[in-house]
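Asker: upload-v6.txt is the file, holding compact mmCIF, C-alpha atoms:
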```txt
# COMPACT_ATOMS: atom_id res chain seq x y z
CA GLN A 1 109.49 127.65 91.89
CA VAL A 2 108.33 124.07 92.31
CA GLN A 3 108.23 121.94 89.21
CA LEU A 4 106.42 118.63 88.85
CA VAL A 5 107.47 116.27 86.09
CA GLU A 6 105.25 113.31 85.27
CA SER A 7 106.35 110.25 83.35
CA GLY A 8 105.19 106.74 82.59
CA GLY A 9 102.11 107.32 80.48
CA GLY A 10 101.48 105.53 77.22
CA LEU A 11 99.30 103.13 75.29
CA VAL A 12 98.29 99.82 76.85
CA GLN A 13 95.70 97.16 76.17
CA ALA A 14 92.76 96.64 78.48
CA GLY A 15 93.80 94.54 81.46
CA GLY A 16 97.35 95.81 81.32
CA SER A 17 99.37 97.91 83.75
CA LEU A 18 101.25 101.19 83.82
CA ARG A 19 103.22 103.00 86.49
CA LEU A 20 103.21 106.78 86.58
CA SER A 21 105.85 108.84 88.37
CA CYS A 22 105.76 112.45 89.53
CA ALA A 23 108.99 114.08 90.65
CA ALA A 24 108.90 117.41 92.49
CA SER A 25 111.88 119.76 92.41
CA GLY A 26 112.76 123.37 93.14
CA SER A 27 111.90 123.62 96.83
CA ILE A 28 113.72 122.94 100.07
CA PHE A 29 110.42 121.74 101.49
CA SER A 30 109.19 118.21 100.95
CA PRO A 31 105.66 118.12 99.57
CA ASN A 32 102.93 117.59 102.12
CA ALA A 33 100.12 115.95 100.18
CA MET A 34 100.61 114.68 96.65
CA GLY A 35 97.94 113.46 94.33
CA TRP A 36 96.90 112.23 90.94
CA TYR A 37 93.95 113.55 88.98
CA ARG A 38 92.75 112.79 85.48
CA GLN A 39 90.79 114.54 82.80
CA ALA A 40 89.18 112.90 79.80
CA PRO A 41 88.13 114.91 76.72
CA GLY A 42 84.97 116.88 77.42
CA LYS A 43 84.97 115.98 81.09
CA GLN A 44 85.98 117.71 84.29
CA ARG A 45 89.22 116.88 86.04
CA GLU A 46 88.59 114.26 88.70
CA LEU A 47 90.41 112.88 91.68
CA VAL A 48 92.20 109.57 91.25
CA ALA A 49 94.23 109.23 94.45
CA THR A 50 96.04 111.26 97.08
CA ILE A 51 98.72 110.51 99.64
CA THR A 52 99.99 112.50 102.60
CA ARG A 53 103.59 112.77 103.71
CA GLY A 54 102.77 110.25 106.41
CA GLY A 55 101.41 107.77 103.88
CA SER A 56 97.66 108.11 104.37
CA THR A 57 95.87 107.45 101.09
CA ASN A 58 92.55 108.23 99.48
CA TYR A 59 91.14 106.77 96.26
CA ALA A 60 88.28 107.40 93.91
CA ASP A 61 85.78 104.58 94.03
CA SER A 62 86.37 103.87 90.34
CA VAL A 63 90.01 102.89 90.91
CA LYS A 64 89.90 101.24 94.34
CA GLY A 65 91.47 97.80 94.23
CA ARG A 66 93.16 98.49 90.88
CA PHE A 67 95.37 101.55 91.47
CA THR A 68 97.93 102.11 94.21
CA ILE A 69 99.49 105.45 95.10
CA SER A 70 102.82 105.59 96.90
CA ARG A 71 105.63 108.05 97.47
CA ASP A 72 109.31 108.30 98.24
CA ASN A 73 109.73 111.29 100.53
CA ALA A 74 113.51 111.31 100.14
CA LYS A 75 113.05 111.78 96.40
CA SER A 76 109.93 113.98 96.62
CA THR A 77 108.37 111.59 94.15
CA ALA A 78 104.92 110.07 93.98
CA TYR A 79 103.92 107.00 92.02
CA LEU A 80 100.68 105.61 90.70
CA GLN A 81 100.65 101.90 89.94
CA MET A 82 97.69 101.19 87.67
CA ASN A 83 96.61 97.59 87.17
CA THR A 84 93.70 95.98 85.34
CA LEU A 85 93.33 99.07 83.20
CA LYS A 86 90.06 99.71 81.41
CA PRO A 87 89.27 101.84 78.35
CA SER A 88 87.38 104.16 80.72
CA ASP A 89 90.73 104.95 82.39
CA THR A 90 91.87 106.72 79.22
CA SER A 91 92.69 110.30 80.24
CA VAL A 92 95.43 112.80 80.74
CA TYR A 93 96.78 112.17 84.22
CA TYR A 94 97.97 115.13 86.26
CA CYS A 95 100.09 115.14 89.37
CA ASN A 96 99.80 117.79 92.05
CA ALA A 97 101.71 118.60 95.20
CA LEU A 98 101.07 120.83 98.19
CA VAL A 99 104.33 122.56 99.09
CA ALA A 100 104.54 125.19 101.83
CA GLY A 101 100.86 126.00 101.44
CA THR A 102 100.85 126.30 97.65
CA LEU A 103 99.36 123.74 95.29
CA TYR A 104 101.37 122.97 92.18
CA TRP A 105 100.39 120.97 89.08
CA GLY A 106 102.34 119.03 86.53
CA GLN A 107 101.80 119.23 82.78
CA GLY A 108 100.08 115.88 82.53
CA THR A 109 100.81 112.56 80.89
CA GLN A 110 98.51 110.75 78.48
CA VAL A 111 97.25 107.28 79.33
CA THR A 112 95.37 105.46 76.58
CA VAL A 113 93.79 102.05 77.16
CA SER A 114 92.68 100.18 74.07
CA SER A 115 89.91 97.59 74.10
```
Once you've parsed the file, please lay out its structure as structure tokens.
Answerer:
Amino acid sequence: QVQLVESGGGLVQAGGSLRLSCAASGSIFSPNAMGWYRQAPGKQRELVATITRGGSTNYADSVKGRFTISRDNAKSTAYLQMNTLKPSDTSVYYCNALVAGTLYWGQGTQVTVSS
């Protein structure tokens, strides 16, 4: 059973930075695609960024130029560097990973940006 553990969330002032990590464990297979999504209260979960094993990335328009997704395949870990944070970025951030054809989700980590 694949487990995803997110870390790095917290409270930060507007304009600040945070770095989220997502470590996958429990499989002999390295994740294919990994991604970050977020969900604010009363809203649907939305895409933030994705990255393939080969390093191809995709970003939501709202975070382009501010957020950077990366991964360490040897560690089966994905990262999300978030800069110039805005109060509108306040959400629970979820990591997911596609492993051997199955999509797994982490439990989420809270990011709160104060104005």
Asker: For atom CA of Asn32 of chain A and atom CA of Arg19 of chain A, determine how far apart the two atoms are, in Å to one decimal place.
Answerer: 21.4 Å
Asker: For Ala40 of chain A, which residue out of A:Leu85, A:Val111, A:Val92, A:Ala97 is the nearest one, using only C-alpha atoms?
Answerer: A:Val92
Asker: Report as a PyMOL selection string all protein, DNA and RNA residues lying within 10 Å of Ser56 of chain A, evaluated on all atoms listed in the file, omitting residues in the same chain fewer than 2 positions from it.
Answerer: chain A and resi 33+50-54+58+69-70
Asker: Quick one, how far is atom CA of Thr102 of chain A from atom CA of Ser62 of chain A?
Answerer: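 According to the coordinates, atom CA of Thr102 of chain A and atom CA of Ser62 of chain A are separated by 27.7 Å.
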Asker: Just to confirm, what's the straight-line distance from atom CA of Trp36 of chain A to atom CA of Cys95 of chain A in Å (one decimal)?
Answerer: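 Interatomic distance here is 4.6 Å.
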Asker: Quick one: residues within 12 Å of Gly65 of chain A, all atoms listed in the file counted, chain neighbours fewer than 5 positions away excluded, as a list in words?
Answerer: Ala49, Asn58, Tyr59, Ala60, Gln81, Met82, Asn83, Thr84 and Leu85 of chain A
Asker: Suppose we keep C-alpha atoms; can you now write the selection as a PDB file, in the coordinates of the input?
Answerer:
```pdb
ATOM      1  CA  ALA A  49      94.230 109.230  94.450  1.00  0.00           C
ATOM      2  CA  ASN A  58      92.550 108.230  99.480  1.00  0.00           C
ATOM      3  CA  TYR A  59      91.140 106.770  96.260  1.00  0.00           C
ATOM      4  CA  ALA A  60      88.280 107.400  93.910  1.00  0.00           C
ATOM      5  CA  GLN A  81     100.650 101.900  89.940  1.00  0.00           C
ATOM      6  CA  MET A  82      97.690 101.190  87.670  1.00  0.00           C
ATOM      7  CA  ASN A  83      96.610  97.590  87.170  1.00  0.00           C
ATOM      8  CA  THR A  84      93.700  95.980  85.340  1.00  0.00           C
ATOM      9  CA  LEU A  85      93.330  99.070  83.200  1.00  0.00           C
TER      10      LEU A  85
END
```
Asker: Name the closest residue to Cys22 of chain A among the candidates A:Asn96, A:Ser88, A:Gln39, A:Thr68; distances are taken between atoms, counting all atoms listed in the file.
Answerer: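 Nearest to Cys22 of chain A: A:Asn96.
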Asker: Could you give me, as an mmCIF file with C-alpha atoms, in the coordinates of the input, the residues that have an atom at most 10 Å away from the point (106.0, 108.1, 96.2) in the coordinates of the file, using only C-alpha atoms?
Answerer:
```
data_model
loop_
_atom_site.group_PDB
_atom_site.id
_atom_site.type_symbol
_atom_site.label_atom_id
_atom_site.label_comp_id
_atom_site.auth_asym_id
_atom_site.auth_seq_id
_atom_site.Cartn_x
_atom_site.Cartn_y
_atom_site.Cartn_z
ATOM 1 C CA SER A 21 105.850 108.840 88.370
ATOM 2 C CA CYS A 22 105.760 112.450 89.530
ATOM 3 C CA ALA A 23 108.990 114.080 90.650
ATOM 4 C CA MET A 34 100.610 114.680 96.650
ATOM 5 C CA GLY A 35 97.940 113.460 94.330
ATOM 6 C CA ILE A 51 98.720 110.510 99.640
ATOM 7 C CA THR A 52 99.990 112.500 102.600
ATOM 8 C CA ARG A 53 103.590 112.770 103.710
ATOM 9 C CA GLY A 55 101.410 107.770 103.880
ATOM 10 C CA ILE A 69 99.490 105.450 95.100
ATOM 11 C CA SER A 70 102.820 105.590 96.900
ATOM 12 C CA ARG A 71 105.630 108.050 97.470
ATOM 13 C CA ASP A 72 109.310 108.300 98.240
ATOM 14 C CA ASN A 73 109.730 111.290 100.530
ATOM 15 C CA ALA A 74 113.510 111.310 100.140
ATOM 16 C CA LYS A 75 113.050 111.780 96.400
ATOM 17 C CA SER A 76 109.930 113.980 96.620
ATOM 18 C CA THR A 77 108.370 111.590 94.150
ATOM 19 C CA ALA A 78 104.920 110.070 93.980
ATOM 20 C CA TYR A 79 103.920 107.000 92.020
ATOM 21 C CA LEU A 80 100.680 105.610 90.700
#
```
Asker: When you look at Tyr94 of chain A with a cut-off of 7 Å (counting all atoms listed in the file), what residues show up, excluding the ones that are within fewer than 2 positions of it in the same chain? I need them as a list of chain:residue names.
Answerer: A:Trp36, A:Tyr37, A:Arg38, A:Val92, A:Asn96, A:Trp105, A:Gly106, A:Gln107, A:Gly108, A:Thr109
Asker: For the selection just defined, write its residues with C-alpha atoms to a file, as a short mmCIF file (atom, residue, chain, number, x, y, z; two decimals), in the coordinates of the input.
Answerer:
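So the final result, stored in part_39.cif, reads:
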```cif
data_model
loop_
_atom_site.label_atom_id
_atom_site.label_comp_id
_atom_site.auth_asym_id
_atom_site.auth_seq_id
_atom_site.Cartn_x
_atom_site.Cartn_y
_atom_site.Cartn_z
CA TRP A 36 96.90 112.23 90.94
CA TYR A 37 93.95 113.55 88.98
CA ARG A 38 92.75 112.79 85.48
CA VAL A 92 95.43 112.80 80.74
CA ASN A 96 99.80 117.79 92.05
CA TRP A 105 100.39 120.97 89.08
CA GLY A 106 102.34 119.03 86.53
CA GLN A 107 101.80 119.23 82.78
CA GLY A 108 100.08 115.88 82.53
CA THR A 109 100.81 112.56 80.89
#
```
Asker: Can you tell me, as JSON, the centre and edge lengths (Å, one decimal) of the axis-aligned box enclosing all of segment 81-95 of chain A's listed atoms after padding each side by 3 Å?
Answerer:
```
{"center_x": 94.0, "center_y": 105.6, "center_z": 84.1, "size_x": 19.3, "size_y": 25.2, "size_z": 17.6}
```
Asker: Residues within 10 Å of Val99 of chain A, please, as a list in words. Count all atoms listed in the file; anything in the same chain fewer than 5 positions from it doesn't count.
Answerer: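 The contact residues come out as Val2, Ala24, Ser27, Ile28, Phe29, Ser30, Pro31, Asn32, Ala33, Met34 and Tyr104 of chain A.
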Asker: Write a file of the just-selected residues containing C-alpha atoms, as a PDB file, in the frame of the given file.
Answerer:
```pdb
ATOM      1  CA  VAL A   2     108.330 124.070  92.310  1.00  0.00           C
ATOM      2  CA  ALA A  24     108.900 117.410  92.490  1.00  0.00           C
ATOM      3  CA  SER A  27     111.900 123.620  96.830  1.00  0.00           C
ATOM      4  CA  ILE A  28     113.720 122.940 100.070  1.00  0.00           C
ATOM      5  CA  PHE A  29     110.420 121.740 101.490  1.00  0.00           C
ATOM      6  CA  SER A  30     109.190 118.210 100.950  1.00  0.00           C
ATOM      7  CA  PRO A  31     105.660 118.120  99.570  1.00  0.00           C
ATOM      8  CA  ASN A  32     102.930 117.590 102.120  1.00  0.00           C
ATOM      9  CA  ALA A  33     100.120 115.950 100.180  1.00  0.00           C
ATOM     10  CA  MET A  34     100.610 114.680  96.650  1.00  0.00           C
ATOM     11  CA  TYR A 104     101.370 122.970  92.180  1.00  0.00           C
TER      12      TYR A 104
END
```
Asker: What residues have an atom no more than 9 Å from (108.9, 104.7, 84.4) in the file's own frame, counting only C-alpha atoms, and can you write them as a VMD selection string?
Answerer: chain A and resid 7 to 9 18 to 21
Asker: With distances taken over only C-alpha atoms, which of A:Gln44, A:Ser91, A:Ser17, A:Gln1 is nearest to Phe67 of chain A?
Answerer: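 When distances to Phe67 of chain A are compared using only C-alpha atoms, the smallest one comes from A:Ser17.
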